[in-house]
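Asks: My structure is in protein.csv, and what it holds is CSV, C-alpha atoms:
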chain,number,residue,atom,x,y,z
G,1058,MET,CA,96.4,119.7,86.7
G,1059,ALA,CA,94.6,118.2,89.6
G,1060,ILE,CA,92.0,115.7,90.9
G,1061,LYS,CA,89.2,116.8,93.2
G,1062,VAL,CA,88.0,114.4,95.9
G,1063,LEU,CA,84.2,114.5,95.9
G,1064,GLN,CA,83.9,111.5,98.2
G,1065,PRO,CA,86.9,109.9,99.9
G,1066,GLY,CA,86.0,106.2,100.1
G,1067,LEU,CA,86.8,104.1,103.2
G,1068,ALA,CA,90.6,104.6,103.3
G,1069,THR,CA,92.2,106.2,100.2
G,1070,THR,CA,95.8,107.3,100.5
G,1071,VAL,CA,98.6,108.5,98.3
G,1072,GLN,CA,101.3,105.7,98.1
G,1073,ASP,CA,104.5,105.2,96.1
G,1074,ALA,CA,107.2,102.5,96.3
G,1075,GLY,CA,108.0,103.4,100.0
G,1076,ARG,CA,110.2,105.5,102.3
G,1077,ILE,CA,113.6,103.8,102.3
G,1078,GLY,CA,116.4,104.4,104.7
G,1079,TYR,CA,114.6,105.5,108.0
G,1080,TYR,CA,113.5,102.2,109.5
G,1081,HIS,CA,116.3,102.3,112.0
G,1082,LEU,CA,114.8,105.6,113.3
G,1083,GLY,CA,111.4,104.1,113.8
G,1084,ILE,CA,109.9,105.4,110.5
G,1085,PRO,CA,108.5,102.4,108.5
G,1086,LEU,CA,108.7,101.8,104.8
G,1087,SER,CA,105.0,102.6,104.1
G,1088,GLY,CA,104.2,102.6,100.4
G,1089,ALA,CA,101.8,100.4,98.4
G,1090,LEU,CA,100.9,97.2,100.2
G,1091,ASP,CA,100.5,95.3,97.0
G,1092,GLN,CA,103.7,96.4,95.2
G,1093,TYR,CA,103.0,94.3,92.1
G,1094,SER,CA,99.6,95.9,91.3
G,1095,PHE,CA,100.9,99.3,92.2
G,1096,ARG,CA,103.8,99.0,89.7
G,1097,ALA,CA,101.5,97.5,87.0
G,1098,ALA,CA,99.2,100.6,87.3
G,1099,ASN,CA,102.1,103.0,86.8
G,1100,LEU,CA,103.5,101.1,83.8
G,1101,LEU,CA,100.1,101.0,82.1
G,1102,VAL,CA,99.9,104.8,82.0
G,1103,GLY,CA,103.6,105.3,81.2
G,1104,ASN,CA,104.8,106.5,84.5
G,1105,PRO,CA,108.0,105.4,86.2
G,1106,GLU,CA,106.9,102.3,88.1
G,1107,ASP,CA,107.6,104.0,91.5
G,1108,ALA,CA,105.4,107.1,90.9
G,1109,ALA,CA,102.8,108.0,93.5
G,1110,THR,CA,99.3,106.5,93.0
G,1111,LEU,CA,96.1,106.3,95.0
G,1112,GLU,CA,95.7,103.1,97.1
G,1113,ILE,CA,92.0,102.5,97.4
G,1114,THR,CA,90.8,100.1,100.2
G,1115,MET,CA,87.5,98.2,99.8
G,1116,LEU,CA,85.2,101.2,99.3
G,1117,GLY,CA,86.2,103.5,96.4
G,1118,PRO,CA,86.2,107.3,96.3
G,1119,LYS,CA,84.4,109.6,93.9
G,1120,LEU,CA,86.9,111.7,92.0
G,1121,GLU,CA,86.6,114.6,89.5
G,1122,PHE,CA,89.4,115.2,87.0
G,1123,MET,CA,90.0,118.8,86.5
G,1124,HIS,CA,92.1,118.2,83.3
G,1125,ASP,CA,92.4,115.6,80.5
G,1126,ALA,CA,94.2,112.6,81.9
G,1127,VAL,CA,95.1,108.9,81.3
G,1128,ILE,CA,94.4,106.6,84.2
G,1129,ALA,CA,94.6,102.9,85.0
G,1130,LEU,CA,93.1,100.8,87.8
G,1131,THR,CA,94.7,97.6,89.0
G,1132,GLY,CA,94.7,95.2,92.0
G,1133,ALA,CA,91.4,94.4,93.7
G,1134,ASN,CA,88.4,93.8,91.5
G,1135,LEU,CA,86.7,97.1,92.4
G,1136,PRO,CA,84.4,97.9,89.5
G,1137,ALA,CA,84.7,101.5,88.3
G,1138,LYS,CA,82.5,103.9,86.3
G,1139,LEU,CA,83.6,106.9,84.3
G,1140,ASP,CA,80.8,109.4,84.0
G,1141,GLY,CA,78.4,106.5,84.9
G,1142,VAL,CA,79.7,104.2,82.3
G,1143,PRO,CA,81.6,101.0,83.3
G,1144,MET,CA,85.4,101.5,83.0
G,1145,PRO,CA,87.7,98.5,82.3
G,1146,GLY,CA,90.3,97.6,84.8
G,1147,ASN,CA,93.9,96.7,84.0
G,1148,GLN,CA,93.9,99.1,81.1
G,1149,ALA,CA,95.0,102.7,80.4
G,1150,VAL,CA,91.9,104.8,79.9
G,1151,ALA,CA,91.5,108.5,78.7
G,1152,VAL,CA,89.5,110.9,80.9
G,1153,LYS,CA,88.3,114.2,79.7
G,1154,ALA,CA,88.4,117.3,81.9
G,1155,GLY,CA,85.4,117.3,84.2
G,1156,GLY,CA,85.1,113.5,84.1
G,1157,VAL,CA,83.9,111.8,87.3
G,1158,LEU,CA,85.3,108.4,88.4
G,1159,SER,CA,83.2,106.4,90.8
G,1160,PHE,CA,83.1,102.8,92.1
G,1161,ASP,CA,80.7,100.0,92.7
G,1162,PHE,CA,80.9,97.4,95.4
G,1163,LEU,CA,84.1,95.4,95.9
G,1164,LYS,CA,84.1,91.9,94.3
G,1165,ASP,CA,87.5,90.4,95.0
G,1166,GLY,CA,90.7,91.5,96.8
G,1167,VAL,CA,91.0,94.5,99.1
G,1168,ARG,CA,93.2,97.2,97.6
G,1169,ALA,CA,93.1,98.8,94.1
G,1170,TYR,CA,95.6,101.1,92.7
G,1171,LEU,CA,94.7,104.2,90.6
G,1172,ALA,CA,97.6,105.6,88.6
G,1173,VAL,CA,97.3,108.8,86.6
G,1174,ALA,CA,99.8,109.8,83.9
G,1175,GLY,CA,102.3,112.2,85.5
G,1176,GLY,CA,101.8,110.8,89.0
G,1177,ILE,CA,100.2,112.3,92.1
G,1178,ASP,CA,102.5,115.3,92.7
G,1179,VAL,CA,102.3,115.8,96.5
G,1180,PRO,CA,105.6,116.9,98.2
G,1181,GLU,CA,108.1,114.3,99.0
G,1182,VAL,CA,108.8,113.8,102.7
G,1183,LEU,CA,112.0,111.9,103.6
G,1184,GLY,CA,112.4,110.9,100.0
G,1185,SER,CA,108.8,109.5,99.5
G,1186,ARG,CA,105.3,110.7,98.7
G,1187,SER,CA,103.8,107.7,100.6
G,1188,THR,CA,101.3,108.4,103.4
G,1189,TYR,CA,102.2,107.2,106.9
G,1190,THR,CA,99.1,108.0,108.8
G,1191,LEU,CA,100.4,107.0,112.3
G,1192,GLY,CA,103.1,109.6,112.0
G,1193,ALA,CA,101.0,112.0,109.9
G,1194,ILE,CA,103.7,112.4,107.3
G,1195,GLY,CA,103.8,112.2,103.5
G,1196,GLY,CA,100.9,111.8,101.1
G,1197,PHE,CA,98.2,114.5,101.2
G,1198,CYS,CA,98.6,116.3,104.6
G,1199,GLY,CA,99.8,113.0,106.2
G,1200,ARG,CA,96.3,111.5,106.2
G,1201,LYS,CA,93.6,109.6,104.3
G,1202,LEU,CA,91.8,111.6,101.7
G,1203,GLN,CA,88.8,113.7,102.7
G,1204,ALA,CA,86.0,115.3,100.6
G,1205,GLY,CA,87.2,118.6,99.1
G,1206,ASP,CA,90.8,117.7,98.8
G,1207,VAL,CA,92.5,118.7,95.6
G,1208,LEU,CA,95.4,116.4,94.5
G,1209,PRO,CA,98.0,117.9,92.2
G,1210,VAL,CA,99.1,115.8,89.2
G,1211,GLY,CA,102.5,116.0,87.7
G,1212,ALA,CA,103.2,116.9,84.0
G,1213,PHE,CA,103.4,113.9,81.7
G,1214,GLN,CA,106.0,114.1,79.0
G,1215,GLY,CA,105.8,110.7,77.2
G,1216,PRO,CA,103.5,109.4,74.5
G,1217,SER,CA,99.9,108.5,75.4
G,1218,HIS,CA,99.4,104.9,76.6
G,1219,THR,CA,95.6,105.0,76.1
G,1220,GLY,CA,94.3,101.6,75.4
G,1221,LYS,CA,97.3,99.7,76.7
G,1222,LYS,CA,96.1,96.5,78.5
G,1223,LEU,CA,97.7,94.2,81.1
G,1224,PRO,CA,97.9,90.7,79.6
G,1225,ASP,CA,95.7,88.2,81.4
G,1226,HIS,CA,98.6,86.1,82.6
G,1227,LEU,CA,100.1,89.1,84.3
G,1228,LYS,CA,97.0,90.2,86.3
G,1229,GLN,CA,97.2,89.9,90.0
G,1230,ALA,CA,95.5,86.7,91.3
G,1231,LEU,CA,92.9,87.3,94.0
G,1232,PRO,CA,92.1,83.9,95.6
G,1233,LYS,CA,89.8,83.6,98.6
G,1234,GLN,CA,91.8,80.7,100.1
G,1235,VAL,CA,95.6,81.1,100.1
G,1236,GLN,CA,98.8,79.5,101.4
G,1237,VAL,CA,101.3,82.0,102.8
G,1238,ARG,CA,104.9,80.9,103.0
G,1239,VAL,CA,106.7,81.5,106.3
G,1240,LEU,CA,110.4,81.3,107.2
G,1241,PRO,CA,110.3,80.2,110.9
G,1242,GLY,CA,111.9,82.8,113.0
G,1243,LEU,CA,114.4,83.4,115.8
G,1244,TYR,CA,111.8,82.6,118.5
G,1245,PHE,CA,109.9,79.8,116.9
G,1246,HIS,CA,111.6,77.4,119.3
G,1247,TRP,CA,109.8,79.1,122.2
G,1248,LEU,CA,106.6,77.4,121.1
G,1249,THR,CA,105.8,74.0,122.3
G,1250,GLN,CA,106.3,71.2,119.7
G,1251,ALA,CA,102.5,70.8,119.5
G,1252,SER,CA,101.9,74.5,119.0
G,1253,GLY,CA,104.6,74.8,116.4
G,1254,LYS,CA,102.9,71.9,114.5
G,1255,SER,CA,99.3,73.3,114.8
G,1256,PHE,CA,100.4,76.8,113.6
G,1257,PHE,CA,101.2,75.3,110.2
G,1258,GLU,CA,98.4,72.7,110.2
G,1259,ASP,CA,95.5,75.0,111.2
G,1260,THR,CA,93.4,77.0,108.8
G,1261,TRP,CA,93.3,80.6,110.0
G,1262,ARG,CA,90.9,83.3,109.1
G,1263,VAL,CA,91.8,87.0,108.5
G,1264,GLY,CA,90.4,89.1,111.3
G,1265,PRO,CA,88.4,92.3,110.7
G,1266,GLU,CA,91.2,94.4,112.3
G,1267,ALA,CA,93.4,93.8,109.2
G,1268,ASP,CA,94.9,97.1,108.0
G,1269,ARG,CA,98.1,98.7,106.7
G,1270,ILE,CA,99.8,98.1,110.1
G,1271,GLY,CA,99.2,94.4,110.3
G,1272,TYR,CA,96.9,91.4,109.6
G,1273,ARG,CA,95.5,89.5,112.6
G,1274,PHE,CA,94.5,85.9,112.1
G,1275,LYS,CA,91.8,84.0,114.1
G,1276,HIS,CA,90.2,80.7,114.6
G,1277,GLY,CA,93.3,78.6,114.9
G,1278,HIS,CA,94.4,76.8,118.1
G,1279,PRO,CA,95.9,79.1,120.7
G,1280,LEU,CA,99.7,78.7,120.7
G,1281,GLU,CA,101.5,77.7,123.9
G,1282,PHE,CA,105.1,78.7,124.8
G,1283,GLU,CA,107.6,76.5,126.6
G,1284,PRO,CA,107.9,77.5,130.2
G,1285,ARG,CA,111.1,79.5,130.7
G,1286,GLU,CA,112.6,82.2,133.0
G,1287,ARG,CA,111.5,85.6,131.8
G,1288,PRO,CA,114.4,87.7,130.4
G,1289,PHE,CA,115.3,90.8,132.5
G,1290,GLY,CA,113.3,93.7,131.1
G,1291,ALA,CA,110.6,91.5,129.5
G,1292,GLY,CA,107.0,91.6,130.6
G,1293,SER,CA,105.0,88.7,132.1
G,1294,ASP,CA,103.3,87.7,128.8
G,1295,PRO,CA,104.9,84.4,127.7
G,1296,SER,CA,105.4,86.0,124.2
G,1297,ASN,CA,107.3,89.0,125.6
G,1298,ILE,CA,111.0,89.5,124.8
G,1299,VAL,CA,113.4,92.3,125.5
G,1300,ASP,CA,112.8,94.8,122.6
G,1301,ALA,CA,114.0,93.8,119.1
G,1302,GLY,CA,113.6,95.0,115.6
G,1303,TYR,CA,110.6,93.8,113.6
G,1304,PRO,CA,111.1,92.9,109.9
G,1305,ILE,CA,108.2,93.6,107.6
G,1306,GLY,CA,106.2,90.4,107.4
G,1307,SER,CA,107.2,89.2,110.9
G,1308,ILE,CA,104.7,87.3,112.8
G,1309,GLN,CA,104.0,87.9,116.5
G,1310,VAL,CA,101.5,86.2,118.7
G,1311,PRO,CA,100.6,88.3,121.8
G,1312,GLY,CA,99.5,86.0,124.6
G,1313,GLY,CA,99.8,83.1,122.1
G,1314,LEU,CA,96.2,83.8,120.9
G,1315,GLU,CA,96.1,85.3,117.5
G,1316,PRO,CA,99.1,85.6,115.0
G,1317,ILE,CA,99.6,89.1,113.6
G,1318,VAL,CA,101.6,89.6,110.4
G,1319,LEU,CA,103.1,93.1,110.4
G,1320,HIS,CA,102.9,95.0,107.2
G,1321,ARG,CA,104.4,98.2,105.7
G,1322,ASP,CA,103.0,100.7,108.3
G,1323,ALA,CA,104.0,98.7,111.4
G,1324,VAL,CA,106.3,99.9,114.1
G,1325,SER,CA,109.9,99.0,113.5
G,1326,GLY,CA,110.5,97.2,116.9
G,1327,GLY,CA,109.0,96.1,120.1
G,1328,GLY,CA,108.8,93.5,122.8
G,1329,TYR,CA,107.0,90.5,121.2
G,1330,ALA,CA,108.7,87.3,120.1
G,1331,MET,CA,108.7,86.8,116.3
G,1332,ILE,CA,107.9,83.2,115.5
G,1333,GLY,CA,108.5,83.6,111.8
G,1334,THR,CA,108.4,86.0,108.8
G,1335,VAL,CA,106.2,85.9,105.8
G,1336,ILE,CA,108.5,85.8,102.8
G,1337,SER,CA,108.7,89.0,100.7
G,1338,ALA,CA,107.2,87.2,97.6
G,1339,ASP,CA,103.9,86.6,99.5
G,1340,MET,CA,103.4,90.1,101.1
G,1341,ASP,CA,101.4,91.3,98.0
G,1342,VAL,CA,99.1,88.2,98.6
G,1343,VAL,CA,98.6,89.2,102.2
G,1344,ALA,CA,97.7,92.8,101.2
G,1345,GLN,CA,94.7,91.5,99.2
G,1346,LEU,CA,93.2,89.2,101.9
G,1347,GLN,CA,89.7,90.2,103.0
G,1348,PRO,CA,88.4,89.6,106.5
G,1349,ASN,CA,87.4,85.9,107.0
G,1350,PHE,CA,89.5,84.7,104.0
G,1351,GLN,CA,91.0,81.3,104.8
G,1352,THR,CA,94.8,81.2,105.1
G,1353,GLN,CA,97.2,78.4,105.8
G,1354,PHE,CA,100.8,79.1,106.7
G,1355,VAL,CA,103.4,77.0,105.0
G,1356,ALA,CA,107.0,76.6,106.4
G,1357,VAL,CA,109.8,77.1,104.0
G,1358,ASP,CA,113.6,77.3,104.3
G,1359,MET,CA,115.9,80.1,103.1
G,1360,ALA,CA,116.6,78.4,99.8
G,1361,GLN,CA,112.9,78.2,99.0
G,1362,ALA,CA,112.3,81.8,100.1
G,1363,LEU,CA,115.1,83.0,97.8
G,1364,SER,CA,113.7,80.9,94.9
G,1365,ALA,CA,110.3,82.5,95.4
G,1366,ARG,CA,111.8,85.9,95.4
G,1367,ALA,CA,113.6,85.2,92.2
G,1368,LYS,CA,110.4,84.0,90.6
G,1369,ARG,CA,108.6,87.2,91.7
G,1370,ASN,CA,111.4,89.3,90.3
G,1371,GLN,CA,111.1,87.5,87.0
G,1372,ARG,CA,107.3,88.2,87.0
G,1373,LEU,CA,108.1,91.9,87.5
G,1374,ALA,CA,110.6,91.7,84.6
G,1375,ASP,CA,107.9,90.1,82.4
G,1376,LEU,CA,105.5,92.9,83.5
G,1377,ARG,CA,108.0,95.6,82.5
G,1378,GLN,CA,108.7,93.9,79.1
G,1379,ALA,CA,105.0,93.6,78.3
G,1380,LEU,CA,104.1,97.2,79.2
G,1381,LEU,CA,107.2,99.1,78.2
G,1382,ASN,CA,107.3,97.7,74.6
Since I need it in another form, could you write the structure as structure tokens?
Replies:
Amino acid sequence: MAIKVLQPGLATTVQDAGRIGYYHLGIPLSGALDQYSFRAANLLVGNPEDAATLEITMLGPKLEFMHDAVIALTGANLPAKLDGVPMPGNQAVAVKAGGVLSFDFLKDGVRAYLAVAGGIDVPEVLGSRSTYTLGAIGGFCGRKLQAGDVLPVGAFQGPSHTGKKLPDHLKQALPKQVQVRVLPGLYFHWLTQASGKSFFEDTWRVGPEADRIGYRFKHGHPLEFEPRERPFGAGSDPSNIVDAGYPIGSIQVPGGLEPIVLHRDAVSGGGYAMIGTVISADMDVVAQLQPNFQTQFVAVDMAQALSARAKRNQRLADLRQALLN
């Protein structure tokens, strides 16, 4: 059972829930950037919610199914066609052997998730099938898909989920203007008072460099750092520190010019001050931001961050209840 890649799309990779336990060795978590949509796709077809899927970025691939299958597409609004006929998203759909899945132009969001019953059955590397392209590990040969690749699909043992739909209230929102909640970080006090204020007051725009490593934001005021004696071992840039670990979602501002939110393929440490961290509940939102989308950062405290995480966990519980029953 397999899927043949006829055209790869812009950046299509195999991703699961992530590679846990190796961050301290410099190997990032990787995995689906929009974990909510990824899990919804798997649950729709009857997979374990952490099974390997295809993460499709902006421009979709063209795929031929070499066996009968059940698939589901979630996340970004990336219209799909099955043998030239429009295919509904957020729904489990049956595909006959020889069926060809293609995609039209992206409408909303950035990343779509294609799950197939049985999961993409590439070998596990360090406990995960996720692709980490910088390290060339995991996924299919450690890289983005290419034309001619043949992806193995695991055997599916459960009952068919064909026709199962994601309820409207549980679909991923794909706004063009968002507020991203931030817990101010260990080095936020390095900013001048005026810059600390403008960081949260300005409307930023996503830069074209946004990818799985990080999201760069532009068009806000440059941020200034308080003058201070440079720590031994740090560089001359005012945002330099002696090396420290980078949490996923941490925000660094090299030179004070453009904030960068690190995502799931980012390096695990380095020498830039982290002025804050996007809360975990909002990282799925960041994953769906297109270049030039307007973003405002909103300061929250730990209690608010934990409350947001609890609400996200409840939404995931509601998702499981809706699709497992």
Asks: Per residue of stretch 1262-1375 of chain G within 12 Å of stretch 1082-1096 of chain G, note the shortest atom pair and the distance in Å to one decimal, counting all atoms listed in the file, and order the rows by chain and increasing residue number, as a Markdown table.
Replies:
| residue | atom | partner | partner_atom | distance |
| --- | --- | --- | --- | --- |
| G:Asp1268 | CA | G:Leu1090 | CA | 9.8 |
| G:Arg1269 | CA | G:Leu1090 | CA | 7.2 |
| G:Ile1270 | CA | G:Ser1087 | CA | 9.1 |
| G:Gly1271 | CA | G:Leu1090 | CA | 10.6 |
| G:Tyr1272 | CA | G:Leu1090 | CA | 11.7 |
| G:Ala1301 | CA | G:Gly1083 | CA | 11.9 |
| G:Gly1302 | CA | G:Gly1083 | CA | 9.5 |
| G:Tyr1303 | CA | G:Pro1085 | CA | 10.2 |
| G:Pro1304 | CA | G:Pro1085 | CA | 9.9 |
| G:Ile1305 | CA | G:Leu1086 | CA | 8.7 |
| G:Gly1306 | CA | G:Leu1090 | CA | 11.2 |
| G:Leu1319 | CA | G:Pro1085 | CA | 10.9 |
| G:His1320 | CA | G:Leu1090 | CA | 7.6 |
| G:Arg1321 | CA | G:Ser1087 | CA | 4.7 |
| G:Asp1322 | CA | G:Ser1087 | CA | 5.0 |
| G:Ala1323 | CA | G:Pro1085 | CA | 6.5 |
| G:Val1324 | CA | G:Pro1085 | CA | 6.5 |
| G:Ser1325 | CA | G:Gly1083 | CA | 5.3 |
| G:Gly1326 | CA | G:Gly1083 | CA | 7.6 |
| G:Gly1327 | CA | G:Gly1083 | CA | 10.5 |
| G:Ser1337 | CA | G:Gln1092 | CA | 10.5 |
| G:Ala1338 | CA | G:Tyr1093 | CA | 9.9 |
| G:Asp1339 | CA | G:Asp1091 | CA | 9.7 |
| G:Met1340 | CA | G:Asp1091 | CA | 7.2 |
| G:Asp1341 | CA | G:Asp1091 | CA | 4.2 |
| G:Val1342 | CA | G:Asp1091 | CA | 7.4 |
| G:Val1343 | CA | G:Asp1091 | CA | 8.2 |
| G:Ala1344 | CA | G:Leu1090 | CA | 5.5 |
| G:Gln1345 | CA | G:Asp1091 | CA | 7.3 |
| G:Leu1346 | CA | G:Asp1091 | CA | 10.7 |
| G:Arg1369 | CA | G:Tyr1093 | CA | 9.1 |
| G:Asn1370 | CA | G:Tyr1093 | CA | 9.9 |
| G:Gln1371 | CA | G:Tyr1093 | CA | 11.7 |
| G:Arg1372 | CA | G:Tyr1093 | CA | 9.0 |
| G:Leu1373 | CA | G:Tyr1093 | CA | 7.3 |
| G:Ala1374 | CA | G:Tyr1093 | CA | 11.0 |
| G:Asp1375 | CA | G:Tyr1093 | CA | 11.7 |
Asks: Calculated over all atoms listed in the file, which of the candidates G:Phe1350, G:Thr1070, G:Ser1364, G:Phe1274 has the smallest distance to G:Arg1200?
Replies: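 Smallest separation from G:Arg1200 among the options: G:Thr1070.
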Asks: What gap, in Å, lies between atom CA of G:Leu1067 and atom CA of G:Lys1138?
Replies: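 Atom CA of G:Leu1067 sits 17.4 Å away from atom CA of G:Lys1138.
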Asks: Near G:Gly1253, counting only C-alpha atoms, which residues have an atom at most 10 Å away, once you skip same-chain residues fewer than 3 positions from it, shown as a ChimeraX atom specification?
Replies: /G:1241,1245-1250,1256-1258,1280-1282,1332
Asks: Between G:Lys1275, G:Arg1377, G:Arg1168, G:His1218, which has the minimum distance to G:Gln1353 (counting all atoms listed in the file)?
Replies: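 Closest to G:Gln1353 of all the choices is G:Lys1275.
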Asks: Mind giving me the straight-line distance from atom CA of G:Gly1175 to atom CA of G:Ala1230 in Å, one decimal?
Replies: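 Result for atom CA of G:Gly1175 versus atom CA of G:Ala1230: 27.0 Å, one decimal.
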Asks: Between atom CA of G:Leu1101 and atom CA of G:Asp1125, what is the distance, to one decimal in Å?
Replies: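 Distance between the two atoms: 16.6 Å.
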Asks: Excluding stretch 1177-1184 of chain G and any residue of its chain fewer than 2 positions from it, enumerate the residues within 10 Å of it, using all atoms listed in the file, and give them as a ChimeraX atom specification.
Replies: /G:1058-1060,1071-1073,1075-1079,1084,1108-1111,1171-1175,1186-1188,1194-1199,1208-1212
Asks: Counting only C-alpha atoms, which residues sit no farther than 9 Å from the position (88.9, 114.0, 99.3) in the file's frame? I'd like them as a PDB file with C-alpha atoms, keeping the file's coordinate frame.
Replies:
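What landed in selection-v6.pdb:
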ATOM      1  CA  LYS G1061      89.200 116.800  93.200  1.00  0.00           C
ATOM      2  CA  VAL G1062      88.000 114.400  95.900  1.00  0.00           C
ATOM      3  CA  LEU G1063      84.200 114.500  95.900  1.00  0.00           C
ATOM      4  CA  GLN G1064      83.900 111.500  98.200  1.00  0.00           C
ATOM      5  CA  PRO G1065      86.900 109.900  99.900  1.00  0.00           C
ATOM      6  CA  GLY G1066      86.000 106.200 100.100  1.00  0.00           C
ATOM      7  CA  THR G1069      92.200 106.200 100.200  1.00  0.00           C
ATOM      8  CA  PRO G1118      86.200 107.300  96.300  1.00  0.00           C
ATOM      9  CA  LYS G1119      84.400 109.600  93.900  1.00  0.00           C
ATOM     10  CA  LEU G1120      86.900 111.700  92.000  1.00  0.00           C
ATOM     11  CA  LYS G1201      93.600 109.600 104.300  1.00  0.00           C
ATOM     12  CA  LEU G1202      91.800 111.600 101.700  1.00  0.00           C
ATOM     13  CA  GLN G1203      88.800 113.700 102.700  1.00  0.00           C
ATOM     14  CA  ALA G1204      86.000 115.300 100.600  1.00  0.00           C
ATOM     15  CA  GLY G1205      87.200 118.600  99.100  1.00  0.00           C
ATOM     16  CA  ASP G1206      90.800 117.700  98.800  1.00  0.00           C
ATOM     17  CA  VAL G1207      92.500 118.700  95.600  1.00  0.00           C
ATOM     18  CA  LEU G1208      95.400 116.400  94.500  1.00  0.00           C
TER      19      LEU G1208
END
Asks: For G:Glu1121, which of G:Gly1292, G:Asp1140, G:Gly1328, G:Gly1277 is the closest residue, counting all atoms listed in the file?
Replies: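 Between G:Gly1292, G:Asp1140, G:Gly1328, G:Gly1277, the residue approaching G:Glu1121 most closely is G:Asp1140.
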Asks: With distances taken over only C-alpha atoms, which of G:Thr1114, G:Ser1293, G:Gln1148, G:Ser1255 is nearest to G:Leu1135?
Replies: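 Using only C-alpha atoms, the shortest distance to G:Leu1135 belongs to G:Thr1114.
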Asks: Would you pick out the contacts of G:Gly1312 at 9 Å or less, using all atoms listed in the file, so that residues sharing its chain but fewer than 4 positions from it are not included, and give the list as a list in words?
Replies: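 In the requested form, the answer reads Pro1279, Leu1280, Glu1281, Asp1294, Pro1295, Ser1296 and Asn1297 of chain G.
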Asks: Looking at all atoms listed in the file, which of G:Ala1169, G:Gln1236, G:Phe1162, G:Ala1365 is the one that sits closest to G:Glu1112?
Replies: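 Residue with the minimum atom-to-atom distance to G:Glu1112: G:Ala1169.
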Asks: Using only C-alpha atoms, can you tell me which of G:Gly1166, G:Gly1242, G:Pro1216, G:Gly1290 comes closest to G:Ile1336?
Replies: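 With only C-alpha atoms as the atom set, the closest residue is G:Gly1242.
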Asks: Name the residues in contact with stretch 1347-1349 of chain G at a cut-off of 8 Å, using only C-alpha atoms, excluding same-chain residues fewer than 3 positions from it; report them as a list in words.
Replies: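 With the cut-off at 8 Å, the set is Gly1166, Val1167, Lys1233, Arg1262, Val1263, Gly1264, Pro1265 and Ala1267 of chain G.
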